[in-house]
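> Mind looking over this structure? Questions follow.
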Amino acid sequence: MDPIVLAYRPRQGLDFKPRTDYVTFEVLRHRIWQINEEQGRTIVNSSGSVVASEANDFNVGITTADGQIAAFGTYVFYHLAGIRITIENALRFFGESGLREGDLYLSNDPYVGGLHQNDMSVLGPVHWEGRRVGWTGSVLHHVDVGGPVEGSWTVTARDAFQESPRYRFLRITDREGVRPEVMETAMTNSRTPQIMEMDLRAQIAAANVAKERLYHLFKKYGVETVEQAMLDVIDYSDVRLRRKLLEIPDGEWYAQDYVDHDGHDDIIYSVKLKLRKDGDKLTFDFRGTSPNAPGFINTSVGGLLAGTFCGLAGFLCNDIPWNEGIFKCVEVISEEGTINNARFPSAASMGAIGAGMCTANATAAALAKMLSCSEKHRKSVMGLWNASWLLYNASGVTTSGRRFTAAIMDPKAGGGGARSDRDGVDVAGNLSTPTPSISNVESLEHVFPVLYVYRKAVIDSGGPGKFRGGLSASSAFMPHGADRWKLVLATFGSDQSDSIGFWGGLPGAGSNGIICRNSDIWERIREGQFPEDMRDLDGEYTPLPSKTITEMQTGDVFEGIPHGGGGLGDPLERDLVRLQSDLAGGFVSPQMARSAYGVEFRPGTTDIDTEASDVHREALRQERLGEGRTLSLHPAPVSAPGQAGDRIPLWDALYVEDSSYHCSRCDTAIAPAGSNPKLGCLLIEAPLKVANPYVAMRWAGESQRFQFKEYVCPGCGRLLFVDERLKSEDDHWYDIKVDAWRKE
């Protein structure tokens with residue numbers, strides 16, 4: 001099969017001129033965006049589930065008649081596939097004659113556009129005077145859509161037939177209104193039928209609201225003018241992105257991300273990406289990615305494209321309208337039968353947060369490396385954000401006999417990646433969700449038999465760096481109003497951290513689930529002692545694997561700690577004033593301040609001793625130089641000749657001058673510009689616990705499979721690169737290959 005999944009579309013010229021006039025274009029593009037936002041707010045205001053109304057796990061879109069997205073919401077980016085690809089397949093399925101005015105179609109099949117079965121698409125054509133002129137609709141994560149496992153995350157599945165029911169283009173409304181037999185069919189398979197009905201009706205209402213608002217536009221401006229405006233905003237984004245790409249040097253950048261555990265076996269899978277830029281063309285080549293897993297972590301081609309979109313939108317298009325235009329200069333290459341381009345009937349009920357998020361991480365990492373090579377755009381470099389989804393669903397029967405299934409959305413509260421000039425945002429959400437939100441504790445405790453012990457920011461969870469990654473927020477809770485629960489845990493990043501940093505920045509916390517069984521929590525509560533940390537409890541403390549189904553009983557406490565944000569730059573270069581503020585605010589512990597950031601304190605205090613810290617930091621750099629081993633036979637380092645004006649910076653860590661990479665701290669020549677700069681560094685292999693205590697908690701930071709590879713400047717000991725690699729991998733990722741610097 002042709003490995004090109006999405007083809008590049010060349011363009012003649014990069015001048016933008018709207019088909020309408022400029023004033024009408026600006027008015028209509030913002031009006032279309034506002035209509036789409038109203039479609040989203042309708043779901044928030046009318047949904048019955050905390051997943052949608054409080055946690056924003058949905059998205060909305062308005063498209064052209066042929067399914068090109070003209071407006072895409074600020075909610076979960078992964079739902080792009082459920083709109084874009086589902087419409088494409090609906091057009092093929094129904095043909096021109098089968099699409100009727102007033103219809104809305106229900107789909108959740110990962111193999112016709114969705115990410116996993118929980119994501120229900122409700123989409124319908126917009127007609128005007130008998131002609132189809134567009135589409136409106138949404139994708140929403142439903143709490144439970146049936147199948148053998150509560151919450152429909154089918155950890156036990158071997159293929160799609162062992163997962164939840166899949167629907168393709170069921171006509172859920174027509175001109176007569178909601179079709180009761182379709183609604184009943186969906187509800188019959190769900191363990192939470194009332195919530196499902198309210199969510200589906202919210203999606204129906206949202207689509208109809210968007211249609212009504214578009215009808216008003218058609219009447220005011222004429223349908224042809226509105227259609228032209230939709231195409232104009234797509235062209236506008238297309239031109240803006242191509243212009244930006246032309247300001248970045250051509251070359252190749254490599255990235256790789258890992259998924260641990262497939263639901264059956266605790267083995268490692270990887271998504272591999274080579275990003276190629278030629279002029280205004282971006283090629284994302286995923287060949288070499290792991291084959292289909294025998295468990296539920298796979299994603300279909302929809303997850304592949306959605307993951308690519310997440311990285312593009314977050315790293316490269318934060319100042320460009322999100323729509324079909326940002327895909328026109330993109331080519332995606334992938335082999336069918338891999339974990340992020342699964343072949344039917346591979347199981348995919350975790351596809352959204354398995355291989356799909358892994359794809360987004362690899363995309364974001366490659367783009368960060370590309371942006372580092374552009375003097376104009378290096379300010380957009382970030383460490384990776386909360387890099388996986390720490391899913392936990394609780395289900396069972398309350399003491400009053402009511403059956404419940406709870407999707408708890410707290411893990412969105414992960415850390416943001418460090419920026420090129422500032423720290424990452426604490427408790428920021430995911431890069432894939434520009435409008436992040438989590439549920440109220442009170443809402444969850446009111447609806448479900450759960451009692452929270454705490455929800456708090458986690459000290460030291462942000463990746464250390466010159467600029468620190470954002471902290472994540474943990475949640476600890478226990479059964480209350482039910483004697484026992486079934487708990488389904490599904491995540492990745494418990495063996496390492498996927499929230500990587502760049503240019504010497506360390507990764508943030510990994511994704512961790514912990515249970516303290518048979519604890520003394522109730523005795524403490526009766527004594528008026530509500531613990532601030534689960535490790536203060538007496539009980540059996542057990543870090544969990546990344547996928548498991550387990551039981552909790554009265555007295556058991558579960559804590560989930562999602563990914564923190566990745567750091568940026570060598571932690572030994574962090575400003576001491578910032579670090580003192582971190583200590584005062586409880587963002588960094590004194591132990592971490594000393595071990596990762598190299599500070600010393602005045603005796604008996606946590607006040608930083610500036611002079612002693614400078615001495616300690618220099619001693620740590622010398623320690624790196626003594627510990628590191630040489631990797632290549634490059635010429636001995638020399639001072640860099642030439643003027644600063646001749647330099648091409650790579651973020652703020654290296655620069656290229658006179659055909660060599662140089663350290664921007666000491667000007668040492670590290671390696672020829674046409675080679676892998678890591679090979680001119682000194683290598684230190686270290687356990688994962690050097691980053692922070694929340695990486696590989698299962699192994700107390702001593703992962704059985706992963707290790708850090710730290711690459712330091714041989715002249716001054718500056719930390720330049722940090723990779724988390726399998727111990728079985730003995731190569732050195734060749735991250736940066738800029739054409740102008742390569743010697744062929």
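Following the order of the structure tokens, chains are lettered A, B, ..., residues in each are numbered from 1, and ligands are numbered from 1.
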For stretch 209-214 of chain A, list every protein, DNA or RNA residue within 9 Å, evaluated using only C-alpha atoms, and leave out those in the same chain fewer than 2 positions away; present the list as an mmCIF file with C-alpha atoms, in the first residue's frame.

data_model
loop_
_atom_site.group_PDB
_atom_site.id
_atom_site.type_symbol
_atom_site.label_atom_id
_atom_site.label_comp_id
_atom_site.auth_asym_id
_atom_site.auth_seq_id
_atom_site.Cartn_x
_atom_site.Cartn_y
_atom_site.Cartn_z
ATOM 1 C CA ILE A 32 -17.789 31.643 11.655
ATOM 2 C CA ILE A 35 -20.652 30.319 15.656
ATOM 3 C CA ASN A 36 -18.417 27.326 16.167
ATOM 4 C CA GLU A 38 -21.337 28.806 20.394
ATOM 5 C CA GLN A 39 -21.703 25.236 19.180
ATOM 6 C CA THR A 42 -24.070 24.651 23.831
ATOM 7 C CA ILE A 62 -17.757 23.733 10.822
ATOM 8 C CA VAL A 126 -25.933 22.017 6.139
ATOM 9 C CA HIS A 127 -28.274 22.644 3.211
ATOM 10 C CA TRP A 135 -21.319 20.502 7.717
ATOM 11 C CA THR A 136 -21.602 21.108 11.438
ATOM 12 C CA GLY A 137 -21.104 18.776 14.332
ATOM 13 C CA ILE A 204 -27.689 17.333 18.498
ATOM 14 C CA ALA A 205 -28.643 20.679 19.997
ATOM 15 C CA ALA A 206 -25.174 22.097 19.322
ATOM 16 C CA ALA A 207 -25.225 21.074 15.654
ATOM 17 C CA HIS A 216 -28.717 33.881 9.440
ATOM 18 C CA LEU A 217 -25.355 34.492 7.753
ATOM 19 C CA PHE A 218 -26.641 33.110 4.464
ATOM 20 C CA LYS A 219 -29.616 35.465 4.604
ATOM 21 C CA VAL A 226 -20.173 32.696 3.208
#
> Hey, could you make a per-residue contact list for stretch 405-451 of chain A against stretch 651-675 of chain A with 12 Å as the cut-off, showing the nearest pair of atoms and its distance in Å to one decimal, counting only C-alpha atoms, sorted by chain and number, as a Markdown table?

| residue | atom | partner | partner_atom | distance |
| --- | --- | --- | --- | --- |
| A:Arg419 | CA | A:Trp651 | CA | 11.1 |
| A:Ser420 | CA | A:Trp651 | CA | 7.9 |
| A:Asp421 | CA | A:Asp652 | CA | 10.2 |
> If we count only C-alpha atoms, what is near A:Val425 at a cut-off of 9 Å, once residues fewer than 6 positions away on the same chain are taken out, given as an MDAnalysis selection string?
chainID A and resid 415:419 469:471 565
> With a distance cut-off of 8 Å and only C-alpha atoms, select the neighbouring residues of A:Val301, excluding the residue or stretch itself and same-chain residues fewer than 6 positions from it, and output the selection as an NGL selection string.
:A and (5 or 111 or 113 or 340-342)
> Include N, CA and C atoms and write out the residues we just selected as a PDB file, in the first residue's frame.

ATOM      1  N   VAL A   5      -0.039   8.896   3.467  1.00  0.00           N
ATOM      2  CA  VAL A   5      -1.367   8.966   4.060  1.00  0.00           C
ATOM      3  C   VAL A   5      -2.017  10.307   3.756  1.00  0.00           C
ATOM      4  N   TYR A 111     -12.273   3.080  12.727  1.00  0.00           N
ATOM      5  CA  TYR A 111     -11.805   2.811  11.369  1.00  0.00           C
ATOM      6  C   TYR A 111     -12.569   3.590  10.309  1.00  0.00           C
ATOM      7  N   GLY A 113     -12.943   7.099  11.204  1.00  0.00           N
ATOM      8  CA  GLY A 113     -12.613   8.471  11.544  1.00  0.00           C
ATOM      9  C   GLY A 113     -12.361   8.747  13.009  1.00  0.00           C
ATOM     10  N   ASN A 340       0.367   3.375  15.132  1.00  0.00           N
ATOM     11  CA  ASN A 340      -0.345   4.635  14.875  1.00  0.00           C
ATOM     12  C   ASN A 340      -0.957   4.694  13.476  1.00  0.00           C
ATOM     13  N   ASN A 341      -1.070   3.556  12.838  1.00  0.00           N
ATOM     14  CA  ASN A 341      -1.801   3.427  11.571  1.00  0.00           C
ATOM     15  C   ASN A 341      -2.266   1.970  11.497  1.00  0.00           C
ATOM     16  N   ALA A 342      -3.118   1.630  12.464  1.00  0.00           N
ATOM     17  CA  ALA A 342      -3.454   0.229  12.705  1.00  0.00           C
ATOM     18  C   ALA A 342      -4.286  -0.354  11.575  1.00  0.00           C
TER      19      ALA A 342
END
> Near A:Arg378, within 10 Å and counting only C-alpha atoms, which residues show up once chain neighbours fewer than 5 positions away are dropped, as a PyMOL selection string?
chain A and resi 248+368-373+420+649-652
> Please write the residues from the selection above to a file, keeping all heavy atoms, as a PDB file, in the first residue's frame.

ATOM      1  N   ILE A 248      12.482  29.174   8.002  1.00  0.00           N
ATOM      2  CA  ILE A 248      13.178  28.133   8.756  1.00  0.00           C
ATOM      3  C   ILE A 248      14.075  27.368   7.792  1.00  0.00           C
ATOM      4  O   ILE A 248      13.660  27.058   6.665  1.00  0.00           O
ATOM      5  CB  ILE A 248      12.158  27.180   9.411  1.00  0.00           C
ATOM      6  CG1 ILE A 248      11.277  27.956  10.402  1.00  0.00           C
ATOM      7  CG2 ILE A 248      12.858  26.018  10.112  1.00  0.00           C
ATOM      8  CD1 ILE A 248      10.104  27.161  10.929  1.00  0.00           C
ATOM      9  N   ALA A 368       9.996  21.045  17.804  1.00  0.00           N
ATOM     10  CA  ALA A 368      10.807  21.846  18.722  1.00  0.00           C
ATOM     11  C   ALA A 368      12.258  21.891  18.261  1.00  0.00           C
ATOM     12  O   ALA A 368      12.914  22.942  18.306  1.00  0.00           O
ATOM     13  CB  ALA A 368      10.712  21.281  20.139  1.00  0.00           C
ATOM     14  N   LYS A 369      12.765  20.753  17.803  1.00  0.00           N
ATOM     15  CA  LYS A 369      14.141  20.713  17.311  1.00  0.00           C
ATOM     16  C   LYS A 369      14.290  21.532  16.036  1.00  0.00           C
ATOM     17  O   LYS A 369      15.299  22.221  15.837  1.00  0.00           O
ATOM     18  CB  LYS A 369      14.557  19.257  17.089  1.00  0.00           C
ATOM     19  CG  LYS A 369      14.621  18.452  18.383  1.00  0.00           C
ATOM     20  CD  LYS A 369      14.773  16.953  18.151  1.00  0.00           C
ATOM     21  CE  LYS A 369      14.694  16.188  19.464  1.00  0.00           C
ATOM     22  NZ  LYS A 369      14.753  14.720  19.283  1.00  0.00           N
ATOM     23  N   MET A 370      13.267  21.484  15.163  1.00  0.00           N
ATOM     24  CA  MET A 370      13.303  22.288  13.947  1.00  0.00           C
ATOM     25  C   MET A 370      13.292  23.775  14.268  1.00  0.00           C
ATOM     26  O   MET A 370      14.090  24.552  13.722  1.00  0.00           O
ATOM     27  CB  MET A 370      12.112  21.933  13.058  1.00  0.00           C
ATOM     28  CG  MET A 370      12.080  22.700  11.743  1.00  0.00           C
ATOM     29  SD  MET A 370      10.578  22.416  10.776  1.00  0.00           S
ATOM     30  CE  MET A 370       9.435  23.492  11.647  1.00  0.00           C
ATOM     31  N   LEU A 371      12.426  24.198  15.170  1.00  0.00           N
ATOM     32  CA  LEU A 371      12.329  25.609  15.525  1.00  0.00           C
ATOM     33  C   LEU A 371      13.608  26.105  16.187  1.00  0.00           C
ATOM     34  O   LEU A 371      13.953  27.289  16.071  1.00  0.00           O
ATOM     35  CB  LEU A 371      11.136  25.823  16.451  1.00  0.00           C
ATOM     36  CG  LEU A 371       9.757  25.669  15.803  1.00  0.00           C
ATOM     37  CD1 LEU A 371       8.674  25.567  16.870  1.00  0.00           C
ATOM     38  CD2 LEU A 371       9.464  26.838  14.865  1.00  0.00           C
ATOM     39  N   SER A 372      14.324  25.211  16.868  1.00  0.00           N
ATOM     40  CA  SER A 372      15.589  25.597  17.500  1.00  0.00           C
ATOM     41  C   SER A 372      16.607  26.084  16.481  1.00  0.00           C
ATOM     42  O   SER A 372      17.519  26.846  16.821  1.00  0.00           O
ATOM     43  CB  SER A 372      16.181  24.411  18.270  1.00  0.00           C
ATOM     44  OG  SER A 372      15.347  24.012  19.328  1.00  0.00           O
ATOM     45  N   CYS A 373      16.461  25.649  15.239  1.00  0.00           N
ATOM     46  CA  CYS A 373      17.420  25.983  14.188  1.00  0.00           C
ATOM     47  C   CYS A 373      17.078  27.275  13.461  1.00  0.00           C
ATOM     48  O   CYS A 373      17.768  27.654  12.509  1.00  0.00           O
ATOM     49  CB  CYS A 373      17.509  24.839  13.183  1.00  0.00           C
ATOM     50  SG  CYS A 373      18.039  23.276  13.916  1.00  0.00           S
ATOM     51  N   SER A 420      10.932  29.280  25.964  1.00  0.00           N
ATOM     52  CA  SER A 420      12.297  29.722  25.689  1.00  0.00           C
ATOM     53  C   SER A 420      12.719  30.915  26.536  1.00  0.00           C
ATOM     54  O   SER A 420      13.907  31.225  26.611  1.00  0.00           O
ATOM     55  CB  SER A 420      12.442  30.081  24.209  1.00  0.00           C
ATOM     56  OG  SER A 420      11.581  31.151  23.875  1.00  0.00           O
ATOM     57  N   PRO A 649      22.427  30.573  15.735  1.00  0.00           N
ATOM     58  CA  PRO A 649      22.163  29.942  17.038  1.00  0.00           C
ATOM     59  C   PRO A 649      21.224  28.748  16.929  1.00  0.00           C
ATOM     60  O   PRO A 649      20.326  28.712  16.092  1.00  0.00           O
ATOM     61  CB  PRO A 649      21.517  31.074  17.834  1.00  0.00           C
ATOM     62  CG  PRO A 649      20.869  31.935  16.802  1.00  0.00           C
ATOM     63  CD  PRO A 649      21.725  31.846  15.569  1.00  0.00           C
ATOM     64  N   LEU A 650      21.451  27.777  17.786  1.00  0.00           N
ATOM     65  CA  LEU A 650      20.508  26.671  18.002  1.00  0.00           C
ATOM     66  C   LEU A 650      19.964  26.848  19.407  1.00  0.00           C
ATOM     67  O   LEU A 650      20.652  26.552  20.394  1.00  0.00           O
ATOM     68  CB  LEU A 650      21.195  25.316  17.874  1.00  0.00           C
ATOM     69  CG  LEU A 650      21.363  24.776  16.447  1.00  0.00           C
ATOM     70  CD1 LEU A 650      22.475  25.523  15.738  1.00  0.00           C
ATOM     71  CD2 LEU A 650      21.663  23.288  16.476  1.00  0.00           C
ATOM     72  N   TRP A 651      18.766  27.374  19.492  1.00  0.00           N
ATOM     73  CA  TRP A 651      18.193  27.882  20.728  1.00  0.00           C
ATOM     74  C   TRP A 651      19.261  28.729  21.401  1.00  0.00           C
ATOM     75  O   TRP A 651      19.847  29.597  20.761  1.00  0.00           O
ATOM     76  CB  TRP A 651      17.682  26.739  21.625  1.00  0.00           C
ATOM     77  CG  TRP A 651      16.877  27.282  22.776  1.00  0.00           C
ATOM     78  CD1 TRP A 651      15.711  27.968  22.688  1.00  0.00           C
ATOM     79  CD2 TRP A 651      17.221  27.228  24.166  1.00  0.00           C
ATOM     80  NE1 TRP A 651      15.284  28.351  23.938  1.00  0.00           N
ATOM     81  CE2 TRP A 651      16.198  27.904  24.868  1.00  0.00           C
ATOM     82  CE3 TRP A 651      18.269  26.691  24.885  1.00  0.00           C
ATOM     83  CZ2 TRP A 651      16.204  28.044  26.254  1.00  0.00           C
ATOM     84  CZ3 TRP A 651      18.276  26.810  26.268  1.00  0.00           C
ATOM     85  CH2 TRP A 651      17.255  27.475  26.929  1.00  0.00           C
ATOM     86  N   ASP A 652      19.539  28.512  22.683  1.00  0.00           N
ATOM     87  CA  ASP A 652      20.560  29.290  23.375  1.00  0.00           C
ATOM     88  C   ASP A 652      21.688  28.385  23.859  1.00  0.00           C
ATOM     89  O   ASP A 652      22.430  28.743  24.765  1.00  0.00           O
ATOM     90  CB  ASP A 652      19.911  30.021  24.562  1.00  0.00           C
ATOM     91  CG  ASP A 652      20.815  31.082  25.173  1.00  0.00           C
ATOM     92  OD1 ASP A 652      21.599  31.683  24.421  1.00  0.00           O
ATOM     93  OD2 ASP A 652      20.749  31.287  26.404  1.00  0.00           O
TER      94      ASP A 652
END
> List the neighbours of A:Asp460 out to 7 Å using only C-alpha atoms; skip same-chain residues closer than 2 positions along the sequence, and give me the result as an NGL selection string.
:A and (458 or 462 or 587-589 or 592 or 692)
> When distances are computed from only C-alpha atoms, which of A:Pro562, A:Pro434, A:Pro479, A:Gly383 shows the smallest separation from A:Thr74?
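Using only C-alpha atoms, the shortest distance to A:Thr74 belongs to A:Pro434.
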> Could you give me, as a ChimeraX atom specification, each residue of stretch 49-295 of chain A that DSSP assigns to helix (DSSP H, G or I) when run on this structure's backbone?
/A:50-53,77-98,110-112,150-152,160-162,180-188,193-221,223-245
> What's around A:Leu537 at 9 Å? Count only C-alpha atoms, leave out sequence neighbours fewer than 4 positions away in its own chain, and write the answer as an NGL selection string.
:A and (516 or 519-521 or 524 or 531 or 533 or 541)
> Let's have the selection written as a short mmCIF file (atom, residue, chain, number, x, y, z; two decimals), in the first residue's frame, with all heavy atoms.

data_model
loop_
_atom_site.label_atom_id
_atom_site.label_comp_id
_atom_site.auth_asym_id
_atom_site.auth_seq_id
_atom_site.Cartn_x
_atom_site.Cartn_y
_atom_site.Cartn_z
N CYS A 516 -2.51 2.84 48.11
CA CYS A 516 -2.16 2.47 49.48
C CYS A 516 -3.31 1.63 50.01
O CYS A 516 -4.42 2.14 50.24
CB CYS A 516 -1.94 3.71 50.34
SG CYS A 516 -1.37 3.33 52.01
N SER A 519 -5.13 1.13 54.45
CA SER A 519 -4.51 2.28 55.12
C SER A 519 -5.27 2.63 56.40
O SER A 519 -6.38 2.14 56.66
CB SER A 519 -4.51 3.49 54.19
OG SER A 519 -5.80 4.08 54.13
N ASP A 520 -4.68 3.53 57.15
CA ASP A 520 -5.31 4.02 58.38
C ASP A 520 -6.01 5.36 58.15
O ASP A 520 -6.14 6.16 59.08
CB ASP A 520 -4.27 4.15 59.48
CG ASP A 520 -3.16 5.15 59.13
OD1 ASP A 520 -3.02 5.49 57.93
OD2 ASP A 520 -2.45 5.58 60.05
N ILE A 521 -6.48 5.60 56.91
CA ILE A 521 -7.06 6.89 56.57
C ILE A 521 -8.24 7.24 57.45
O ILE A 521 -8.39 8.38 57.91
CB ILE A 521 -7.44 6.93 55.06
CG1 ILE A 521 -8.05 8.28 54.68
CG2 ILE A 521 -8.40 5.80 54.70
CD1 ILE A 521 -7.11 9.44 54.79
N ARG A 524 -7.28 8.32 60.93
CA ARG A 524 -6.73 9.68 60.91
C ARG A 524 -7.84 10.72 60.78
O ARG A 524 -7.80 11.77 61.42
CB ARG A 524 -5.72 9.81 59.76
CG ARG A 524 -4.44 9.04 59.99
CD ARG A 524 -3.54 9.09 58.77
NE ARG A 524 -2.31 8.34 58.98
CZ ARG A 524 -1.15 8.89 59.35
NH1 ARG A 524 -1.07 10.20 59.58
NH2 ARG A 524 -0.08 8.14 59.51
N PRO A 531 -4.47 13.76 55.80
CA PRO A 531 -3.08 13.76 55.33
C PRO A 531 -2.90 14.63 54.10
O PRO A 531 -3.78 14.75 53.25
CB PRO A 531 -2.82 12.29 55.00
CG PRO A 531 -4.16 11.71 54.74
CD PRO A 531 -5.12 12.45 55.63
N ASP A 533 -0.15 14.10 52.19
CA ASP A 533 0.60 13.24 51.27
C ASP A 533 0.27 11.79 51.60
O ASP A 533 0.28 11.40 52.77
CB ASP A 533 2.11 13.48 51.40
CG ASP A 533 2.88 12.85 50.25
OD1 ASP A 533 2.82 11.62 50.09
OD2 ASP A 533 3.55 13.59 49.51
N TYR A 541 1.82 0.24 50.34
CA TYR A 541 2.02 1.27 49.31
C TYR A 541 2.52 0.61 48.03
O TYR A 541 3.60 0.00 48.00
CB TYR A 541 3.02 2.29 49.85
CG TYR A 541 3.37 3.42 48.93
CD1 TYR A 541 2.50 4.50 48.74
CD2 TYR A 541 4.59 3.44 48.28
CE1 TYR A 541 2.84 5.54 47.92
CE2 TYR A 541 4.94 4.48 47.45
CZ TYR A 541 4.07 5.54 47.27
OH TYR A 541 4.40 6.59 46.44
#
> What gap, in Å, lies between atom CA of A:Val51 and atom CA of A:Leu316?
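Atom-to-atom, atom CA of A:Val51 to atom CA of A:Leu316, that is 28.6 Å.
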> Expressed in Å to a single decimal, how great is the separation between atom CA of A:Arg403 and atom CA of A:Thr192?
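Between atom CA of A:Arg403 and atom CA of A:Thr192 the gap works out to 8.7 Å.
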> Using only C-alpha atoms, find the one residue out of A:Ser581, A:Asn208, A:Ser497, A:Lys466 that sits nearest to A:Gly598.
A:Lys466
> Smallest atom-to-atom distance to A:Asp285: which of A:Leu91, A:Leu579, A:Ile525, A:Leu6, using only C-alpha atoms?
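Closest candidate: A:Leu6.
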> Would you return as a ChimeraX atom specification the members of stretch 384-470 of chain A that DSSP assigns to strand (DSSP E or B) on this structure's backbone?
/A:391-397,403-408,419,450-457,467
> Can you write out the residues you just picked, keeping C-alpha atoms, as a short mmCIF file (atom, residue, chain, number, x, y, z; two decimals), in the first residue's frame?

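Ended up saving to part_34.cif:
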data_model
loop_
_atom_site.label_atom_id
_atom_site.label_comp_id
_atom_site.auth_asym_id
_atom_site.auth_seq_id
_atom_site.Cartn_x
_atom_site.Cartn_y
_atom_site.Cartn_z
CA LEU A 391 -6.93 7.46 32.77
CA TYR A 392 -8.69 5.97 35.76
CA ASN A 393 -12.32 4.85 35.69
CA ALA A 394 -14.11 3.71 38.81
CA SER A 395 -17.21 1.52 38.68
CA GLY A 396 -19.36 -0.61 40.92
CA VAL A 397 -22.51 -0.50 43.02
CA ARG A 403 -24.77 1.09 39.64
CA PHE A 404 -22.18 3.73 38.68
CA THR A 405 -19.33 4.30 36.25
CA ALA A 406 -17.16 7.34 36.88
CA ALA A 407 -14.73 8.83 34.36
CA ILE A 408 -12.50 11.04 36.50
CA ARG A 419 9.21 28.19 27.27
CA VAL A 450 -15.91 8.97 46.07
CA LEU A 451 -14.23 11.01 48.78
CA TYR A 452 -11.19 13.12 47.95
CA VAL A 453 -8.26 13.11 50.34
CA TYR A 454 -6.55 15.93 48.44
CA ARG A 455 -5.90 17.46 45.05
CA LYS A 456 -2.69 19.48 44.95
CA ALA A 457 0.27 20.65 42.89
CA PHE A 467 13.52 27.38 32.63
#
> Please determine, counting only C-alpha atoms, which residue among A:Gln228, A:Thr64, A:Thr185, A:Ser474 has the shortest atom-to-atom distance to A:Lys17.
A:Gln228
